[in-house]
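Next up, structure.cif (mmCIF, C-alpha atoms):
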data_query
loop_
_atom_site.group_PDB
_atom_site.id
_atom_site.type_symbol
_atom_site.label_atom_id
_atom_site.label_comp_id
_atom_site.auth_asym_id
_atom_site.auth_seq_id
_atom_site.Cartn_x
_atom_site.Cartn_y
_atom_site.Cartn_z
ATOM 1 C CA MET A 1 -16.891 10.145 -22.067
ATOM 2 C CA LEU A 2 -15.291 12.485 -24.589
ATOM 3 C CA TYR A 3 -15.766 12.272 -28.326
ATOM 4 C CA GLY A 4 -13.602 13.788 -31.011
ATOM 5 C CA LYS A 5 -15.022 16.249 -33.454
ATOM 6 C CA GLY A 6 -17.029 14.537 -36.140
ATOM 7 C CA SER A 7 -17.218 11.236 -34.289
ATOM 8 C CA ARG A 8 -20.178 11.735 -31.983
ATOM 9 C CA PRO A 9 -23.727 12.074 -33.281
ATOM 10 C CA THR A 10 -25.602 15.251 -32.414
ATOM 11 C CA THR A 11 -29.324 15.422 -31.659
ATOM 12 C CA HIS A 12 -30.880 18.535 -33.176
ATOM 13 C CA ARG A 13 -34.472 17.833 -32.186
ATOM 14 C CA PRO A 14 -36.386 14.802 -30.872
ATOM 15 C CA GLY A 15 -35.980 11.879 -33.229
ATOM 16 C CA GLU A 16 -33.427 13.573 -35.482
ATOM 17 C CA ILE A 17 -29.842 12.406 -35.160
ATOM 18 C CA THR A 18 -27.099 13.497 -37.518
ATOM 19 C CA TYR A 19 -23.325 13.505 -37.651
ATOM 20 C CA GLY A 20 -20.936 16.315 -38.416
ATOM 21 C CA GLY A 21 -17.831 15.807 -40.539
ATOM 22 C CA ASP A 22 -16.458 12.407 -41.444
ATOM 23 C CA ASN A 23 -18.425 9.922 -39.358
ATOM 24 C CA PRO A 24 -16.451 6.754 -38.525
ATOM 25 C CA PHE A 25 -19.589 5.103 -37.121
ATOM 26 C CA SER A 26 -21.476 5.141 -40.398
ATOM 27 C CA LYS A 27 -19.628 1.967 -41.435
ATOM 28 C CA SER A 28 -21.587 -1.153 -42.229
ATOM 29 C CA ARG A 29 -21.542 -4.208 -39.965
ATOM 30 C CA SER A 30 -19.314 -6.000 -42.489
ATOM 31 C CA GLU A 31 -16.640 -3.333 -41.943
ATOM 32 C CA PHE A 32 -16.868 -3.676 -38.159
ATOM 33 C CA THR A 33 -16.580 -7.480 -38.397
ATOM 34 C CA LYS A 34 -14.138 -7.732 -41.274
ATOM 35 C CA GLY A 35 -12.434 -11.109 -41.414
ATOM 36 C CA ARG A 36 -15.152 -12.934 -39.470
ATOM 37 C CA LYS A 37 -17.406 -15.599 -40.958
ATOM 38 C CA GLN A 38 -20.338 -14.938 -38.629
ATOM 39 C CA PHE A 39 -21.541 -12.416 -36.094
ATOM 40 C CA MET A 40 -24.155 -12.433 -33.373
ATOM 41 C CA LYS A 41 -27.576 -11.671 -34.794
ATOM 42 C CA ILE A 42 -28.850 -8.251 -33.718
ATOM 43 C CA THR A 43 -32.511 -7.290 -34.114
ATOM 44 C CA PHE A 44 -33.530 -3.652 -33.701
ATOM 45 C CA VAL A 45 -37.031 -2.585 -32.642
ATOM 46 C CA GLY A 46 -38.114 1.039 -32.441
ATOM 47 C CA LYS A 47 -41.025 1.798 -30.107
ATOM 48 C CA LYS A 48 -42.761 4.837 -31.551
ATOM 49 C CA LEU A 49 -39.338 5.884 -32.800
ATOM 50 C CA GLU A 50 -37.749 5.646 -36.225
ATOM 51 C CA LEU A 51 -34.253 4.207 -35.907
ATOM 52 C CA ARG A 52 -31.663 5.722 -38.204
ATOM 53 C CA GLN A 53 -28.760 3.759 -39.627
ATOM 54 C CA SER A 54 -26.347 5.890 -37.577
ATOM 55 C CA THR A 55 -28.041 4.649 -34.392
ATOM 56 C CA LYS A 56 -27.834 1.011 -35.504
ATOM 57 C CA SER A 57 -24.188 1.348 -36.513
ATOM 58 C CA TRP A 58 -23.309 2.871 -33.142
ATOM 59 C CA ALA A 59 -25.124 0.043 -31.316
ATOM 60 C CA GLU A 60 -23.510 -2.650 -33.478
ATOM 61 C CA LYS A 61 -20.059 -1.287 -32.719
ATOM 62 C CA LYS A 62 -20.702 -1.214 -28.975
ATOM 63 C CA LEU A 63 -22.396 -4.635 -28.869
ATOM 64 C CA SER A 64 -19.544 -6.218 -30.814
ATOM 65 C CA LYS A 65 -17.625 -6.130 -27.511
ATOM 66 C CA LEU A 66 -19.922 -8.921 -26.280
ATOM 67 C CA ASP A 67 -18.475 -11.213 -28.936
ATOM 68 C CA LYS A 68 -15.768 -12.378 -26.518
ATOM 69 C CA TYR A 69 -18.441 -13.808 -24.210
ATOM 70 C CA PHE A 70 -21.025 -15.290 -26.571
ATOM 71 C CA GLU A 71 -20.866 -17.690 -29.504
ATOM 72 C CA ASP A 72 -21.796 -16.570 -33.009
ATOM 73 C CA ASP A 73 -25.287 -18.113 -32.791
ATOM 74 C CA ALA A 74 -26.286 -15.765 -29.947
ATOM 75 C CA ASP A 75 -29.290 -13.526 -30.604
ATOM 76 C CA ILE A 76 -29.494 -9.935 -29.398
ATOM 77 C CA LYS A 77 -32.704 -7.902 -29.410
ATOM 78 C CA LEU A 78 -32.476 -4.165 -28.856
ATOM 79 C CA VAL A 79 -35.747 -2.327 -28.187
ATOM 80 C CA ILE A 80 -35.315 1.450 -28.267
ATOM 81 C CA GLY A 81 -38.057 3.834 -27.210
ATOM 82 C CA LYS A 82 -38.568 7.358 -25.991
ATOM 83 C CA ILE A 83 -40.840 8.525 -23.175
ATOM 84 C CA ARG A 84 -41.023 12.266 -22.770
ATOM 85 C CA ASP A 85 -37.415 13.471 -22.926
ATOM 86 C CA LYS A 86 -35.709 10.207 -22.032
ATOM 87 C CA PHE A 87 -34.560 7.279 -24.161
ATOM 88 C CA THR A 88 -34.993 3.746 -22.840
ATOM 89 C CA ILE A 89 -33.144 0.746 -24.243
ATOM 90 C CA GLU A 90 -34.080 -2.836 -23.444
ATOM 91 C CA CYS A 91 -31.369 -5.301 -24.454
ATOM 92 C CA THR A 92 -32.063 -9.047 -24.421
ATOM 93 C CA VAL A 93 -29.367 -11.610 -25.229
ATOM 94 C CA LEU A 94 -30.237 -15.268 -25.855
ATOM 95 C CA ALA A 95 -27.106 -17.424 -25.666
ATOM 96 C CA ARG A 96 -27.012 -21.207 -25.218
ATOM 97 C CA GLY A 97 -30.475 -21.261 -23.680
ATOM 98 C CA THR A 98 -29.689 -18.494 -21.168
ATOM 99 C CA ILE A 99 -31.365 -15.086 -21.330
ATOM 100 C CA PHE A 100 -29.566 -11.916 -20.286
ATOM 101 C CA ARG A 101 -31.592 -8.720 -20.032
ATOM 102 C CA VAL A 102 -30.684 -5.166 -19.089
ATOM 103 C CA GLU A 103 -32.488 -1.839 -19.366
ATOM 104 C CA GLU A 104 -30.904 1.598 -19.500
ATOM 105 C CA THR A 105 -32.567 5.031 -19.492
ATOM 106 C CA GLU A 106 -30.759 8.268 -20.319
ATOM 107 C CA ASP A 107 -31.425 11.738 -21.691
ATOM 108 C CA ASP A 108 -28.952 10.930 -24.466
ATOM 109 C CA LEU A 109 -29.695 7.941 -26.719
ATOM 110 C CA PHE A 110 -26.063 7.154 -27.449
ATOM 111 C CA LEU A 111 -25.091 7.358 -23.788
ATOM 112 C CA ALA A 112 -27.803 4.775 -23.021
ATOM 113 C CA ILE A 113 -26.325 2.521 -25.712
ATOM 114 C CA ASP A 114 -22.872 2.977 -24.165
ATOM 115 C CA HIS A 115 -24.162 1.605 -20.843
ATOM 116 C CA ILE A 116 -25.572 -1.666 -22.242
ATOM 117 C CA VAL A 117 -22.364 -3.700 -22.458
ATOM 118 C CA PRO A 118 -21.074 -2.742 -18.961
ATOM 119 C CA ALA A 119 -24.484 -3.689 -17.523
ATOM 120 C CA ILE A 120 -24.363 -7.157 -19.123
ATOM 121 C CA GLU A 121 -20.751 -7.589 -18.000
ATOM 122 C CA ARG A 122 -21.858 -6.916 -14.426
ATOM 123 C CA GLN A 123 -24.407 -9.736 -14.726
ATOM 124 C CA ILE A 124 -21.731 -12.087 -16.051
ATOM 125 C CA ARG A 125 -19.271 -11.067 -13.342
ATOM 126 C CA LYS A 126 -21.789 -11.779 -10.550
ATOM 127 C CA ASN A 127 -22.513 -15.261 -11.962
ATOM 128 C CA LYS A 128 -19.293 -16.155 -13.779
ATOM 129 C CA THR A 129 -18.912 -19.635 -12.243
ATOM 130 C CA ARG A 130 -22.470 -20.726 -13.047
ATOM 131 C CA LEU A 131 -22.203 -19.249 -16.536
ATOM 132 C CA SER A 132 -18.806 -20.732 -17.386
ATOM 133 C CA LYS A 133 -20.259 -23.507 -19.577
ATOM 134 C CA ARG A 134 -22.649 -21.117 -21.320
ATOM 135 C CA LEU A 135 -20.102 -18.560 -22.436
ATOM 136 C CA ARG A 136 -17.606 -18.675 -25.266
ATOM 137 C CA SER A 137 -14.714 -21.018 -24.524
ATOM 138 C CA GLY A 138 -11.811 -19.091 -23.030
ATOM 139 C CA ALA A 139 -13.894 -16.009 -22.210
ATOM 140 C CA GLU A 140 -12.170 -13.998 -19.500
ATOM 141 C CA MET A 141 -13.027 -10.781 -17.707
ATOM 142 C CA ALA A 142 -10.266 -8.320 -16.939
ATOM 143 C CA PRO A 143 -10.182 -7.069 -13.318
ATOM 144 C CA THR A 144 -11.889 -3.702 -12.774
ATOM 145 C CA GLU A 145 -12.205 -1.160 -9.981
ATOM 146 C CA THR A 146 -15.789 -2.332 -9.377
ATOM 147 C CA ASP A 147 -14.891 -5.982 -8.686
ATOM 148 C CA ASP A 148 -15.448 -5.512 -4.936
ATOM 149 C CA ILE A 149 -18.866 -3.976 -5.571
ATOM 150 C CA PHE A 150 -20.092 -6.665 -7.975
ATOM 151 C CA LYS A 151 -18.723 -9.782 -6.312
ATOM 152 C CA GLU A 152 -19.868 -13.158 -7.550
ATOM 153 C CA GLU A 153 -22.859 -14.606 -5.731
ATOM 154 C CA LYS A 154 -21.723 -17.937 -4.285
ATOM 155 C CA GLU A 155 -25.134 -19.297 -3.278
ATOM 156 C CA PHE A 156 -28.774 -18.638 -4.106
ATOM 157 C CA ASN A 157 -30.395 -18.675 -0.681
ATOM 158 C CA ILE A 158 -34.085 -19.620 -0.960
ATOM 159 C CA VAL A 159 -35.715 -18.388 2.246
ATOM 160 C CA ARG A 160 -39.380 -19.014 1.416
ATOM 161 C CA ILE A 161 -41.502 -21.422 -0.607
ATOM 162 C CA LYS A 162 -45.013 -20.340 -1.510
ATOM 163 C CA ALA A 163 -47.846 -22.477 -2.914
ATOM 164 C CA ILE A 164 -50.196 -20.889 -5.466
ATOM 165 C CA PRO A 165 -53.727 -22.264 -6.026
ATOM 166 C CA LYS A 166 -54.119 -23.615 -9.542
ATOM 167 C CA LYS A 167 -57.103 -21.665 -10.814
ATOM 168 C CA PRO A 168 -57.633 -20.977 -14.540
ATOM 169 C CA MET A 169 -58.014 -17.256 -15.255
ATOM 170 C CA SER A 170 -57.524 -14.708 -18.014
ATOM 171 C CA PRO A 171 -54.489 -12.404 -18.129
ATOM 172 C CA GLU A 172 -56.732 -9.506 -17.082
ATOM 173 C CA GLU A 173 -57.922 -11.433 -14.007
ATOM 174 C CA ALA A 174 -54.318 -12.334 -13.205
ATOM 175 C CA ILE A 175 -53.277 -8.670 -13.324
ATOM 176 C CA LEU A 176 -56.155 -7.769 -11.007
ATOM 177 C CA GLN A 177 -55.115 -10.500 -8.571
ATOM 178 C CA MET A 178 -51.481 -9.363 -8.754
ATOM 179 C CA ASN A 179 -52.452 -5.784 -7.920
ATOM 180 C CA LEU A 180 -54.693 -6.906 -5.052
ATOM 181 C CA LEU A 181 -51.759 -8.831 -3.588
ATOM 182 C CA GLY A 182 -49.405 -5.892 -4.066
ATOM 183 C CA HIS A 183 -46.951 -7.971 -6.112
ATOM 184 C CA ASN A 184 -44.940 -7.087 -9.210
ATOM 185 C CA PHE A 185 -45.588 -10.432 -10.940
ATOM 186 C CA PHE A 186 -48.092 -13.274 -10.796
ATOM 187 C CA ILE A 187 -47.959 -16.847 -12.141
ATOM 188 C CA PHE A 188 -51.281 -18.348 -13.213
ATOM 189 C CA GLU A 189 -52.964 -20.957 -15.393
ATOM 190 C CA ASN A 190 -53.956 -19.056 -18.522
ATOM 191 C CA SER A 191 -57.526 -20.008 -19.431
ATOM 192 C CA ASP A 192 -56.929 -18.735 -22.984
ATOM 193 C CA LEU A 193 -54.068 -21.201 -23.515
ATOM 194 C CA SER A 194 -54.737 -23.957 -20.954
ATOM 195 C CA ASP A 195 -51.131 -23.496 -19.869
ATOM 196 C CA VAL A 196 -49.052 -21.613 -17.314
ATOM 197 C CA SER A 197 -48.293 -17.932 -17.949
ATOM 198 C CA LEU A 198 -46.889 -14.997 -16.016
ATOM 199 C CA VAL A 199 -47.953 -11.368 -15.859
ATOM 200 C CA TYR A 200 -45.728 -8.634 -14.471
ATOM 201 C CA LYS A 201 -45.699 -4.891 -13.965
ATOM 202 C CA ARG A 202 -43.226 -2.951 -16.074
ATOM 203 C CA LYS A 203 -41.196 0.040 -14.950
ATOM 204 C CA ASP A 204 -43.148 2.270 -17.352
ATOM 205 C CA GLY A 205 -46.421 1.418 -15.572
ATOM 206 C CA ASP A 206 -47.733 -0.968 -18.239
ATOM 207 C CA TYR A 207 -47.982 -4.749 -17.941
ATOM 208 C CA GLY A 208 -46.214 -7.662 -19.582
ATOM 209 C CA LEU A 209 -47.320 -11.237 -20.276
ATOM 210 C CA ILE A 210 -44.925 -14.184 -20.512
ATOM 211 C CA GLU A 211 -46.153 -17.362 -22.196
ATOM 212 C CA PHE A 212 -44.028 -20.458 -21.639
ATOM 213 C CA GLN A 213 -43.114 -22.534 -24.692
#
Could I get this structure in the form of structure tokens?
Amino acid sequence: MLYGKGSRPTTHRPGEITYGGDNPFSKSRSEFTKGRKQFMKITFVGKKLELRQSTKSWAEKKLSKLDKYFEDDADIKLVIGKIRDKFTIECTVLARGTIFRVEETEDDLFLAIDHIVPAIERQIRKNKTRLSKRLRSGAEMAPTETDDIFKEEKEFNIVRIKAIPKKPMSPEEAILQMNLLGHNFFIFENSDLSDVSLVYKRKDGDYGLIEFQ
């Protein structure tokens, strides 16, 4: 992707992002959404990284393209972090009770942001029939060159059903059991909550815990 002079942010050193010349992406959200009464709520989270307004403005502009799919009450959470020399962005969209989640990792922060919307569109494209009642009324996807690659899944073929013993345990015990089984996730009865929870292994090597509400 090419950017005109003065329009693309330049990284001078880790964590420092500035613009040269007249920056069209320094506009506020109100300027991007002029004439609209509402806009999807976007929450930014920086993981060991201070997020500048230029980064947020760039992300808001890109994510505004999702407006044609989701209603105004949709919530978007963007978690941006940096591990070594790479930026990782986790984008979660909550719309009409359905959760969309994508993760992108790039050397360039703004390139990672650029990839978020196409990644979510691929999810929608693969499940467009099932999602039809959960998207904005009249939402349509223009044909692309990748339509043959990301064809819609017609059926979810369940090939195995597995029973799990109901044994109360702590999240730490659940992680141990998950690792002993060689799995990437494990459902268990959380003894701390007296309810069902799920632990999983993240791509960065750490672990996550999901508590059902």
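The coordinates place atom CA of Asp75 of chain A at 10.7 Å from atom CA of Thr98 of chain A.
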For the point (-56.7, -18.7, -19.6) in file coordinates, what residues are within 10 Å, counting all atoms listed in the file? Give the answer as a ChimeraX atom specification? /A:167-174,188-197
One decimal, in Å: what's the spacing between atom CA of Trp58 of chain A and atom CA of Phe110 of chain A?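 Atom-to-atom, atom CA of Trp58 of chain A to atom CA of Phe110 of chain A, that is 7.6 Å.
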Minimum-distance residue to Asp67 of chain A, chosen among A:Leu51, A:Met178, A:Arg136, A:Thr43 (using all atoms listed in the file): A:Arg136
So how far away is atom CA of Arg160 of chain A from atom CA of Gln177 of chain A, in Å?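 Atom-to-atom, atom CA of Gln177 of chain A and atom CA of Arg160 of chain A are spaced 20.5 Å apart.
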Near-Phe100 of chain A list (12 Å; all atoms listed in the file; drop same-chain fewer than 6 positions) as a ChimeraX atom specification: /A:66,69-70,74-78,90-94,116-117,119-124,127,131,134-135
Residues selected by the PyMOL selection byres ((chain A and resi 208) around 12), written as an mmCIF file with C-alpha atoms, in the frame of the given file:
data_model
loop_
_atom_site.group_PDB
_atom_site.id
_atom_site.type_symbol
_atom_site.label_atom_id
_atom_site.label_comp_id
_atom_site.auth_asym_id
_atom_site.auth_seq_id
_atom_site.Cartn_x
_atom_site.Cartn_y
_atom_site.Cartn_z
ATOM 1 C CA PRO A 171 -54.489 -12.404 -18.129
ATOM 2 C CA GLU A 172 -56.732 -9.506 -17.082
ATOM 3 C CA ALA A 174 -54.318 -12.334 -13.205
ATOM 4 C CA ILE A 175 -53.277 -8.670 -13.324
ATOM 5 C CA ASN A 184 -44.940 -7.087 -9.210
ATOM 6 C CA PHE A 185 -45.588 -10.432 -10.940
ATOM 7 C CA PHE A 186 -48.092 -13.274 -10.796
ATOM 8 C CA ILE A 187 -47.959 -16.847 -12.141
ATOM 9 C CA SER A 197 -48.293 -17.932 -17.949
ATOM 10 C CA LEU A 198 -46.889 -14.997 -16.016
ATOM 11 C CA VAL A 199 -47.953 -11.368 -15.859
ATOM 12 C CA TYR A 200 -45.728 -8.634 -14.471
ATOM 13 C CA LYS A 201 -45.699 -4.891 -13.965
ATOM 14 C CA ARG A 202 -43.226 -2.951 -16.074
ATOM 15 C CA LYS A 203 -41.196 0.040 -14.950
ATOM 16 C CA ASP A 204 -43.148 2.270 -17.352
ATOM 17 C CA GLY A 205 -46.421 1.418 -15.572
ATOM 18 C CA ASP A 206 -47.733 -0.968 -18.239
ATOM 19 C CA TYR A 207 -47.982 -4.749 -17.941
ATOM 20 C CA LEU A 209 -47.320 -11.237 -20.276
ATOM 21 C CA ILE A 210 -44.925 -14.184 -20.512
ATOM 22 C CA GLU A 211 -46.153 -17.362 -22.196
#
